[in-house]
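Listing of final29.tsv, TSV, C-alpha atoms and all ligand atoms
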```tsv
chain	number	residue	atom	x	y	z
A	1465	MET	CA	0.00	0.00	0.00
A	1466	ILE	CA	1.28	3.45	-0.94
A	1467	ARG	CA	-0.29	6.54	0.64
A	1468	LEU	CA	1.07	10.06	0.26
A	1469	HIS	CA	0.25	12.76	2.80
A	1470	HIS	CA	0.14	15.97	0.81
A	1471	CYS	CA	-0.57	19.69	1.06
A	1472	HIS	CA	-1.08	21.64	-2.17
A	1473	GLN	CA	1.91	23.67	-3.42
A	1474	THR	CA	4.33	22.26	-0.83
A	1475	ARG	CA	7.31	19.92	-1.06
A	1476	SER	CA	4.95	16.94	-1.09
A	1477	MET	CA	4.10	17.97	-4.65
A	1478	ARG	CA	7.45	16.59	-5.77
A	1479	SER	CA	6.57	13.18	-4.28
A	1480	LEU	CA	3.16	13.35	-5.96
A	1481	TRP	CA	4.70	14.26	-9.33
A	1482	LEU	CA	7.17	11.37	-9.01
A	1483	LEU	CA	4.42	8.89	-8.08
A	1484	HIS	CA	2.54	9.87	-11.24
A	1485	GLU	CA	5.69	9.47	-13.36
A	1486	LEU	CA	6.32	6.03	-11.87
A	1487	GLY	CA	2.83	4.85	-12.80
A	1488	LEU	CA	2.26	3.26	-9.39
A	1489	ASP	CA	-1.09	2.70	-7.70
A	1490	PHE	CA	-1.29	5.04	-4.73
A	1491	GLU	CA	-3.68	7.05	-2.63
A	1492	VAL	CA	-3.31	10.67	-1.63
A	1493	GLN	CA	-4.48	12.15	1.64
A	1494	VAL	CA	-4.69	15.92	1.22
A	1495	HIS	CA	-4.26	17.96	4.41
A	1496	SER	CA	-4.90	21.65	4.86
A	1497	PHE	CA	-1.69	23.58	5.50
A	1498	ASP	CA	-2.48	24.65	9.02
A	1499	LYS	CA	-2.92	23.21	12.52
A	1500	ALA	CA	-4.27	20.03	10.90
A	1501	LEU	CA	-0.61	19.00	10.57
A	1502	ARG	CA	-0.32	19.18	14.37
A	1503	SER	CA	-3.29	16.91	15.10
A	1504	PRO	CA	-2.48	13.81	17.16
A	1505	ASP	CA	-3.54	11.64	14.23
A	1506	TYR	CA	-1.11	13.30	11.84
A	1507	LEU	CA	1.71	13.54	14.39
A	1508	ALA	CA	1.44	9.78	14.75
A	1509	ILE	CA	2.41	9.58	11.07
A	1510	ASN	CA	5.01	12.38	10.99
A	1511	PRO	CA	6.07	13.51	14.49
A	1512	THR	CA	7.41	16.80	13.07
A	1513	GLY	CA	3.99	17.61	11.60
A	1514	ARG	CA	5.19	18.22	8.06
A	1515	VAL	CA	4.57	17.04	4.52
A	1516	PRO	CA	5.41	14.96	2.64
A	1517	ALA	CA	4.96	11.71	4.51
A	1518	LEU	CA	4.83	8.53	2.49
A	1519	GLU	CA	3.41	5.30	3.85
A	1520	LEU	CA	4.93	2.46	1.85
A	1521	ASP	CA	4.27	-1.17	2.67
A	1522	GLY	CA	4.28	-0.65	6.44
A	1523	GLN	CA	7.06	1.95	6.63
A	1524	THR	CA	6.73	5.73	6.79
A	1525	ILE	CA	9.24	8.08	5.14
A	1526	CYS	CA	9.13	11.79	5.91
A	1527	GLU	CA	11.93	13.42	3.91
A	1528	SER	CA	11.21	14.30	0.29
A	1529	GLY	CA	14.76	13.38	-0.79
A	1530	ALA	CA	14.55	9.98	0.90
A	1531	ILE	CA	11.11	9.43	-0.62
A	1532	ALA	CA	12.55	10.07	-4.09
A	1533	GLU	CA	15.38	7.61	-3.51
A	1534	VAL	CA	13.15	4.88	-2.10
A	1535	LEU	CA	10.44	5.23	-4.77
A	1536	CYS	CA	12.98	5.12	-7.61
A	1537	GLU	CA	14.41	1.90	-6.14
A	1538	TYR	CA	10.87	0.55	-5.64
A	1539	ALA	CA	10.01	1.05	-9.33
A	1540	PRO	CA	13.40	0.90	-11.10
A	1541	ASP	CA	11.97	0.10	-14.52
A	1542	ALA	CA	10.43	3.56	-14.80
A	1543	GLY	CA	13.95	4.96	-15.22
A	1544	MET	CA	13.48	7.89	-12.83
A	1545	GLY	CA	16.43	6.88	-10.64
A	1546	ARG	CA	20.10	6.32	-11.21
A	1547	LEU	CA	20.77	3.28	-9.08
A	1548	VAL	CA	23.97	2.24	-7.30
A	1549	GLY	CA	26.61	1.52	-9.93
A	1550	ASP	CA	25.17	3.96	-12.47
A	1551	PRO	CA	27.85	6.47	-13.59
A	1552	GLU	CA	25.36	9.29	-12.96
A	1553	ARG	CA	24.45	8.09	-9.45
A	1554	ALA	CA	26.43	10.78	-7.61
A	1555	ALA	CA	25.16	13.60	-9.82
A	1556	TRP	CA	21.59	12.28	-9.48
A	1557	LEU	CA	21.84	12.24	-5.67
A	1558	ASP	CA	23.39	15.68	-5.65
A	1559	TRP	CA	20.45	17.16	-7.60
A	1560	ILE	CA	17.85	15.22	-5.60
A	1561	HIS	CA	19.19	16.85	-2.44
A	1562	PHE	CA	19.86	20.21	-4.07
A	1563	ALA	CA	16.08	20.58	-4.19
A	1564	GLU	CA	16.25	21.03	-0.43
A	1565	THR	CA	18.95	23.71	-0.73
A	1566	ILE	CA	16.51	25.65	-2.90
A	1567	SER	CA	13.57	24.91	-0.64
A	1568	GLN	CA	15.19	26.12	2.58
A	1569	HIS	CA	15.18	29.66	1.13
A	1570	THR	CA	11.63	29.28	-0.15
A	1571	ALA	CA	10.55	28.07	3.29
A	1572	ALA	CA	12.09	31.15	4.94
A	1573	LEU	CA	10.40	33.41	2.39
A	1574	THR	CA	7.07	31.62	2.77
A	1575	GLN	CA	7.30	32.16	6.50
A	1576	GLN	CA	8.06	35.87	6.01
A	1577	HIS	CA	5.48	36.60	3.31
A	1578	VAL	CA	2.69	34.13	4.06
A	1579	ALA	CA	2.83	32.77	7.60
A	1580	LEU	CA	3.77	36.05	9.33
A	1581	TYR	CA	0.64	37.95	8.38
A	1582	GLU	CA	1.35	41.20	10.31
A	1583	ASP	CA	3.98	43.56	8.87
A	1584	HIS	CA	5.62	44.18	12.24
A	1585	MET	CA	6.44	40.46	12.50
A	1586	ARG	CA	8.41	40.50	9.23
A	1587	SER	CA	11.99	41.41	8.46
A	1588	PRO	CA	12.72	43.22	5.17
A	1589	ILE	CA	16.37	42.27	5.59
A	1590	VAL	CA	15.55	38.55	5.82
A	1591	MET	CA	13.18	38.86	2.86
A	1592	THR	CA	15.80	40.53	0.66
A	1593	LEU	CA	18.66	38.28	1.73
A	1594	GLU	CA	16.69	35.07	1.27
A	1595	ALA	CA	15.37	36.17	-2.13
A	1596	LYS	CA	18.97	36.83	-3.26
A	1597	ARG	CA	20.19	33.50	-1.91
A	1598	LEU	CA	17.28	31.79	-3.66
A	1599	ALA	CA	18.15	33.50	-6.98
A	1600	LYS	CA	21.72	32.26	-6.54
A	1601	THR	CA	20.46	28.66	-6.49
A	1602	PHE	CA	18.74	29.34	-9.85
A	1603	GLN	CA	22.16	30.22	-11.28
A	1604	THR	CA	23.48	26.83	-10.15
A	1605	ILE	CA	20.72	25.13	-12.15
A	1606	GLU	CA	21.59	27.33	-15.15
A	1607	GLN	CA	25.19	26.17	-14.94
A	1608	GLY	CA	24.09	22.53	-14.61
A	1609	LEU	CA	22.01	22.72	-17.77
A	1610	THR	CA	24.89	23.83	-20.00
A	1611	GLY	CA	24.89	21.66	-23.11
A	1612	ARG	CA	21.97	19.46	-22.08
A	1613	ASP	CA	18.17	19.41	-21.99
A	1614	TYR	CA	17.85	17.87	-18.51
A	1615	LEU	CA	19.95	17.93	-15.35
A	1616	LEU	CA	21.58	14.64	-16.30
A	1617	ALA	CA	23.09	14.01	-19.73
A	1618	SER	CA	21.17	10.72	-20.02
A	1619	GLY	CA	17.79	12.46	-19.83
A	1620	PHE	CA	14.80	13.20	-17.61
A	1621	SER	CA	14.87	11.74	-14.09
A	1622	ALA	CA	13.61	12.29	-10.54
A	1623	ALA	CA	16.39	14.87	-10.23
A	1624	ASP	CA	14.49	17.12	-12.65
A	1625	ILE	CA	11.30	16.51	-10.67
A	1626	GLY	CA	12.79	17.52	-7.32
A	1627	VAL	CA	14.60	20.59	-8.60
A	1628	ALA	CA	11.77	21.78	-10.87
A	1629	GLN	CA	9.22	21.42	-8.07
A	1630	ALA	CA	11.51	23.39	-5.77
A	1631	LEU	CA	11.68	26.00	-8.52
A	1632	TYR	CA	7.86	26.00	-8.81
A	1633	MET	CA	7.72	27.13	-5.19
A	1634	GLY	CA	10.74	29.43	-5.44
A	1635	LEU	CA	9.34	31.33	-8.43
A	1636	HIS	CA	6.88	32.94	-6.03
A	1637	PHE	CA	9.81	34.94	-4.66
A	1638	ALA	CA	12.55	35.26	-7.32
A	1639	THR	CA	12.67	35.43	-11.11
A	1640	LEU	CA	14.62	33.59	-13.78
A	1641	ASP	CA	16.25	36.79	-15.08
A	1642	GLY	CA	19.61	35.77	-16.55
A	1643	CYS	CA	18.69	32.05	-16.53
A	1644	PRO	CA	17.33	31.34	-20.05
A	1645	MET	CA	18.27	27.65	-19.99
A	1646	VAL	CA	16.43	27.15	-16.69
A	1647	ALA	CA	13.37	28.89	-18.11
A	1648	ALA	CA	13.34	26.62	-21.19
A	1649	TRP	CA	13.96	23.48	-19.08
A	1650	TYR	CA	11.24	24.48	-16.58
A	1651	ASP	CA	8.72	24.92	-19.42
A	1652	ARG	CA	9.77	21.55	-20.85
A	1653	VAL	CA	9.46	19.52	-17.64
A	1654	THR	CA	6.32	21.21	-16.31
A	1655	ALA	CA	4.54	20.44	-19.60
A	1656	ARG	CA	4.60	16.78	-18.58
A	1657	ASP	CA	1.25	15.18	-17.69
A	1658	ALA	CA	2.57	14.00	-14.33
A	1659	PHE	CA	3.44	17.57	-13.27
A	1660	GLN	CA	0.04	18.82	-14.35
A	1661	LYS	CA	-1.58	16.08	-12.25
A	1662	ALA	CA	0.40	17.21	-9.20
A	1663	LEU	CA	-0.90	20.79	-9.40
A	1664	PRO	CA	-3.71	21.80	-7.03
A	1665	PRO	CA	-7.22	21.51	-8.48
A	1666	VAL	CA	-8.38	24.93	-9.73
A	1667	ASP	CA	-10.83	25.42	-6.86
A	1668	ALA	CA	-8.39	24.24	-4.14
A	1669	LYS	CA	-6.81	26.53	-1.58
A	1670	GLY	CA	-3.07	26.45	-2.16
A	1671	LEU	CA	-0.24	27.67	0.02
A	1672	TYR	CA	0.24	30.83	-2.05
A	1673	ALA	CA	-2.47	33.43	-2.58
A	1674	LYS	CA	-0.34	35.34	-5.11
A	1675	ASP	CA	1.84	34.29	-8.03
A	1676	PHE	CA	4.70	36.54	-6.93
A	1677	TYR	CA	5.63	38.21	-3.65
A	1678	ASP	CA	7.63	41.38	-3.94
A	1679	PRO	CA	10.79	41.27	-1.81
A	1680	TRP	CA	9.99	44.61	-0.17
A	1681	PRO	CA	6.30	44.54	0.77
A	1682	ILE	CA	6.75	46.61	3.91
A	1683	GLU	CA	6.82	50.39	3.75
A	1684	GLN	CA	10.20	51.60	4.89
A	1685	SER	CA	10.21	54.56	7.27
A	1701	LIG	N1	13.20	18.39	4.72
A	1701	LIG	C1	11.81	18.08	4.62
A	1701	LIG	C2	11.01	19.38	4.85
A	1701	LIG	C3	9.51	19.15	4.96
A	1701	LIG	C4	8.78	20.47	5.22
A	1701	LIG	O1	9.25	21.34	5.97
A	1701	LIG	N2	7.60	20.60	4.62
A	1701	LIG	C5	6.81	21.80	4.81
A	1701	LIG	C6	5.96	22.08	3.56
A	1701	LIG	S1	6.95	22.55	2.15
A	1701	LIG	C7	5.84	21.62	5.94
A	1701	LIG	O2	5.21	20.59	6.03
A	1701	LIG	N3	5.68	22.62	6.81
A	1701	LIG	C8	4.71	22.58	7.87
A	1701	LIG	C9	5.22	23.23	9.11
A	1701	LIG	O3	6.38	23.65	9.14
A	1701	LIG	O4	4.44	23.36	10.03
A	1701	LIG	C10	11.51	17.46	3.25
A	1701	LIG	O5	12.32	17.67	2.32
A	1701	LIG	O6	10.53	16.73	3.10
```
Spit out the file's structure as structure tokens when you get a sec.
Ligand SMILES: N[C@@H](CCC(=O)N[C@@H](CS)C(=O)NCC(=O)O)C(=O)O
Amino acid sequence: MIRLHHCHQTRSMRSLWLLHELGLDFEVQVHSFDKALRSPDYLAINPTGRVPALELDGQTICESGAIAEVLCEYAPDAGMGRLVGDPERAAWLDWIHFAETISQHTAALTQQHVALYEDHMRSPIVMTLEAKRLAKTFQTIEQGLTGRDYLLASGFSAADIGVAQALYMGLHFATLDGCPMVAAWYDRVTARDAFQKALPPVDAKGLYAKDFYDPWPIEQS
């Protein structure tokens, strides 16, 4: 049995996208992104109260990078992983976990712009710094795409899924100015059916109310 615990527009979207690419049978339990994640029932699944959490044949995995690794080993024929012994294994792992380097900045910015709803709670310095550090990660993707259509020379993999989903969230706070290869790659991978299936339904409440959050939303005195 495979069950994904998911909140729209969060990191669990990358697990959902991967599950669709793998063509596995699975169920999705959608949670609202609020105190529901702190309910005793949910904390019994993920004690940190976060998403994703994947229940897989009696085990629960709570880190999106680990979920990607385990699922790609679970369904190796889908070709989304680069298994032990593959010459691209190290590069694949590096990109799988680079998604989290991107997401740590997005998480800080989401906290500043979305979770801290009163201006006096927010820090313009943190907002600006984190947006710049996020944009820097976009440049790393640009460099990685030199001379290739996907992050790995051999073609599309779970590495593209993790990084592109992290970019999906990050694009709420920074642009792809100066990253034309990332823009083209992002259009290419997000055109896939499996990505489209991982998007929130049109009438669903997502994490983000706006498409883009200006780095300086607070009036400076
Ligand atoms: N390192 C974890 C991070 C998981 C995480 O922080 N998820 C966020 C959503 S993107 C969350 O559930 N936040 C809820 C909270 O912090 O209360 C992963 O990669 O899965």
Would you name the residues within 7 Å of ligand LIG 1701 (chain A), counting all atoms listed in the file, and put them as a PyMOL selection string? chain A and resi 1474-1476+1497+1501+1513-1516+1526-1529+1564+1571
Rank A:Gln1576, A:Ser1479, A:Gln1493, A:Thr1565 by their smallest atom-to-atom distance to Val1534 of chain A, using only C-alpha atoms, and report the top residue only.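 For Val1534 of chain A, the nearest of the given residues is A:Ser1479.
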Nearest candidate to Cys1643 of chain A (options A:Phe1659, A:Ala1630, A:Thr1604, A:Tyr1672; using all atoms listed in the file): A:Thr1604
My list of candidates is A:Val1548, A:Ala1530, A:Met1633, A:Ser1618. Which is closest to Ala1572 of chain A when distances are computed with only C-alpha atoms? A:Met1633
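Proximity to Ala1648 of chain A was assessed for A:Arg1597, A:Arg1612, A:Lys1669, A:Lys1661 counting only C-alpha atoms; the smallest distance is recorded for A:Arg1612.
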One residue among A:His1469, A:His1484, A:Gly1549, A:Ala1539 is nearest to Ala1517 of chain A when using all atoms listed in the file, and that residue is A:His1469
Mind giving me the straight-line distance from atom CA of Asp1657 of chain A to atom CA of Leu1535 of chain A in Å, one decimal?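 Result for atom CA of Asp1657 of chain A versus atom CA of Leu1535 of chain A: 18.7 Å, one decimal.
With distances taken over all atoms listed in the file, A:Met1544 is the one residue among A:Leu1468, A:Ala1655, A:Met1544, A:Ile1525 lying closest to Gly1619 of chain A.
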Need the neighbours of (20.4, 4.0, -7.9): which residues are at most 12 Å away, counting only C-alpha atoms, as an mmCIF file with C-alpha atoms, keeping the file's coordinate frame?
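Final output, out_16.cif:
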```cif
data_model
loop_
_atom_site.group_PDB
_atom_site.id
_atom_site.type_symbol
_atom_site.label_atom_id
_atom_site.label_comp_id
_atom_site.auth_asym_id
_atom_site.auth_seq_id
_atom_site.Cartn_x
_atom_site.Cartn_y
_atom_site.Cartn_z
ATOM 1 C CA ALA A 1532 12.550 10.070 -4.090
ATOM 2 C CA GLU A 1533 15.380 7.610 -3.510
ATOM 3 C CA VAL A 1534 13.150 4.880 -2.100
ATOM 4 C CA LEU A 1535 10.440 5.230 -4.770
ATOM 5 C CA CYS A 1536 12.980 5.120 -7.610
ATOM 6 C CA GLU A 1537 14.410 1.900 -6.140
ATOM 7 C CA TYR A 1538 10.870 0.550 -5.640
ATOM 8 C CA ALA A 1539 10.010 1.050 -9.330
ATOM 9 C CA PRO A 1540 13.400 0.900 -11.100
ATOM 10 C CA ASP A 1541 11.970 0.100 -14.520
ATOM 11 C CA GLY A 1543 13.950 4.960 -15.220
ATOM 12 C CA MET A 1544 13.480 7.890 -12.830
ATOM 13 C CA GLY A 1545 16.430 6.880 -10.640
ATOM 14 C CA ARG A 1546 20.100 6.320 -11.210
ATOM 15 C CA LEU A 1547 20.770 3.280 -9.080
ATOM 16 C CA VAL A 1548 23.970 2.240 -7.300
ATOM 17 C CA GLY A 1549 26.610 1.520 -9.930
ATOM 18 C CA ASP A 1550 25.170 3.960 -12.470
ATOM 19 C CA PRO A 1551 27.850 6.470 -13.590
ATOM 20 C CA GLU A 1552 25.360 9.290 -12.960
ATOM 21 C CA ARG A 1553 24.450 8.090 -9.450
ATOM 22 C CA ALA A 1554 26.430 10.780 -7.610
ATOM 23 C CA ALA A 1555 25.160 13.600 -9.820
ATOM 24 C CA TRP A 1556 21.590 12.280 -9.480
ATOM 25 C CA LEU A 1557 21.840 12.240 -5.670
ATOM 26 C CA ILE A 1560 17.850 15.220 -5.600
ATOM 27 C CA SER A 1621 14.870 11.740 -14.090
ATOM 28 C CA ALA A 1622 13.610 12.290 -10.540
ATOM 29 C CA ALA A 1623 16.390 14.870 -10.230
#
```
All file atoms of segment 1596-1606 of chain A boxed axis-aligned, 3 Å per side, centre plus edges, as AutoDock Vina command-line options:
```
--center_x 20.4 --center_y 31.0 --center_z -8.5 --size_x 12.2 --size_y 17.7 --size_z 19.2
```
For Ala1673 of chain A, list every protein, DNA or RNA residue within 10 Å, evaluated using only C-alpha atoms, and leave out those in the same chain fewer than 4 positions away; present the list as a VMD selection string. chain A and resid 1578 1636 1669 1677
With only C-alpha atoms counted, which protein, DNA or RNA residues have an atom no more than 8 Å from (7.7, 36.8, -4.4) in the file frame? Please answer as a VMD selection string. chain A and resid 1635 to 1638 1675 to 1679
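Atom CA of Met1465 of chain A sits 7.4 Å away from atom CA of Glu1519 of chain A.
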Show which residues sit within 8 Å of Gly1634 of chain A, as a list in words. Count only C-alpha atoms, and ignore same-chain residues fewer than 5 positions away.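 These residues fall inside the cut-off: Ile1566, Ser1567, His1569, Thr1570 and Leu1598 of chain A.
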At what distance in Å, to one decimal, does atom CA of Gln1575 of chain A lie from atom CA of Ser1587 of chain A?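 Separation of atom CA of Ser1587 of chain A and atom CA of Gln1575 of chain A: 10.6 Å.
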With all atoms listed in the file as the counted atoms, please give the residues lying no more than 12 Å from Pro1664 of chain A, apart from itself and same-chain residues fewer than 2 positions off, as a PDB file with C-alpha atoms, in the coordinates of the input.
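Below is the file around_16.pdb, written as the result:
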```pdb
ATOM      1  CA  HIS A1470       0.140  15.970   0.810  1.00  0.00           C
ATOM      2  CA  CYS A1471      -0.570  19.690   1.060  1.00  0.00           C
ATOM      3  CA  HIS A1472      -1.080  21.640  -2.170  1.00  0.00           C
ATOM      4  CA  GLN A1473       1.910  23.670  -3.420  1.00  0.00           C
ATOM      5  CA  THR A1474       4.330  22.260  -0.830  1.00  0.00           C
ATOM      6  CA  SER A1476       4.950  16.940  -1.090  1.00  0.00           C
ATOM      7  CA  MET A1477       4.100  17.970  -4.650  1.00  0.00           C
ATOM      8  CA  LEU A1480       3.160  13.350  -5.960  1.00  0.00           C
ATOM      9  CA  TRP A1481       4.700  14.260  -9.330  1.00  0.00           C
ATOM     10  CA  VAL A1494      -4.690  15.920   1.220  1.00  0.00           C
ATOM     11  CA  SER A1496      -4.900  21.650   4.860  1.00  0.00           C
ATOM     12  CA  PHE A1659       3.440  17.570 -13.270  1.00  0.00           C
ATOM     13  CA  GLN A1660       0.040  18.820 -14.350  1.00  0.00           C
ATOM     14  CA  LYS A1661      -1.580  16.080 -12.250  1.00  0.00           C
ATOM     15  CA  ALA A1662       0.400  17.210  -9.200  1.00  0.00           C
ATOM     16  CA  VAL A1666      -8.380  24.930  -9.730  1.00  0.00           C
ATOM     17  CA  ASP A1667     -10.830  25.420  -6.860  1.00  0.00           C
ATOM     18  CA  ALA A1668      -8.390  24.240  -4.140  1.00  0.00           C
ATOM     19  CA  LYS A1669      -6.810  26.530  -1.580  1.00  0.00           C
ATOM     20  CA  GLY A1670      -3.070  26.450  -2.160  1.00  0.00           C
ATOM     21  CA  LEU A1671      -0.240  27.670   0.020  1.00  0.00           C
ATOM     22  CA  TYR A1672       0.240  30.830  -2.050  1.00  0.00           C
TER      23      TYR A1672
END
```
Just segment 1476-1490 of chain A from the block, N, CA and C atoms, as an mmCIF file, in the first residue's frame, could you?
```cif
data_model
loop_
_atom_site.group_PDB
_atom_site.id
_atom_site.type_symbol
_atom_site.label_atom_id
_atom_site.label_comp_id
_atom_site.auth_asym_id
_atom_site.auth_seq_id
_atom_site.Cartn_x
_atom_site.Cartn_y
_atom_site.Cartn_z
ATOM 1 N N SER A 1476 5.554 18.252 -0.805
ATOM 2 C CA SER A 1476 4.945 16.940 -1.093
ATOM 3 C C SER A 1476 4.505 16.831 -2.548
ATOM 4 N N MET A 1477 4.429 17.975 -3.222
ATOM 5 C CA MET A 1477 4.096 17.973 -4.651
ATOM 6 C C MET A 1477 5.153 17.238 -5.467
ATOM 7 N N ARG A 1478 6.418 17.290 -4.980
ATOM 8 C CA ARG A 1478 7.453 16.595 -5.768
ATOM 9 C C ARG A 1478 7.305 15.079 -5.614
ATOM 10 N N SER A 1479 6.843 14.616 -4.458
ATOM 11 C CA SER A 1479 6.574 13.183 -4.283
ATOM 12 C C SER A 1479 5.368 12.767 -5.133
ATOM 13 N N LEU A 1480 4.365 13.647 -5.173
ATOM 14 C CA LEU A 1480 3.161 13.355 -5.957
ATOM 15 C C LEU A 1480 3.498 13.289 -7.454
ATOM 16 N N TRP A 1481 4.273 14.245 -7.919
ATOM 17 C CA TRP A 1481 4.698 14.263 -9.334
ATOM 18 C C TRP A 1481 5.452 12.965 -9.653
ATOM 19 N N LEU A 1482 6.382 12.592 -8.778
ATOM 20 C CA LEU A 1482 7.170 11.370 -9.010
ATOM 21 C C LEU A 1482 6.267 10.135 -9.031
ATOM 22 N N LEU A 1483 5.332 10.055 -8.105
ATOM 23 C CA LEU A 1483 4.419 8.889 -8.080
ATOM 24 C C LEU A 1483 3.666 8.773 -9.402
ATOM 25 N N HIS A 1484 3.234 9.908 -9.940
ATOM 26 C CA HIS A 1484 2.538 9.866 -11.239
ATOM 27 C C HIS A 1484 3.486 9.405 -12.343
ATOM 28 N N GLU A 1485 4.723 9.890 -12.325
ATOM 29 C CA GLU A 1485 5.689 9.469 -13.363
ATOM 30 C C GLU A 1485 5.962 7.969 -13.281
ATOM 31 N N LEU A 1486 5.972 7.443 -12.057
ATOM 32 C CA LEU A 1486 6.316 6.026 -11.869
ATOM 33 C C LEU A 1486 5.170 5.097 -12.270
ATOM 34 N N GLY A 1487 3.983 5.654 -12.391
ATOM 35 C CA GLY A 1487 2.832 4.849 -12.803
ATOM 36 C C GLY A 1487 2.390 3.847 -11.748
ATOM 37 N N LEU A 1488 2.646 4.166 -10.481
ATOM 38 C CA LEU A 1488 2.258 3.260 -9.392
ATOM 39 C C LEU A 1488 0.811 3.512 -8.967
ATOM 40 N N ASP A 1489 0.214 2.498 -8.339
ATOM 41 C CA ASP A 1489 -1.086 2.697 -7.697
ATOM 42 C C ASP A 1489 -0.834 3.316 -6.327
ATOM 43 N N PHE A 1490 -1.497 4.404 -6.040
ATOM 44 C CA PHE A 1490 -1.287 5.038 -4.727
ATOM 45 C C PHE A 1490 -2.526 5.838 -4.355
#
```
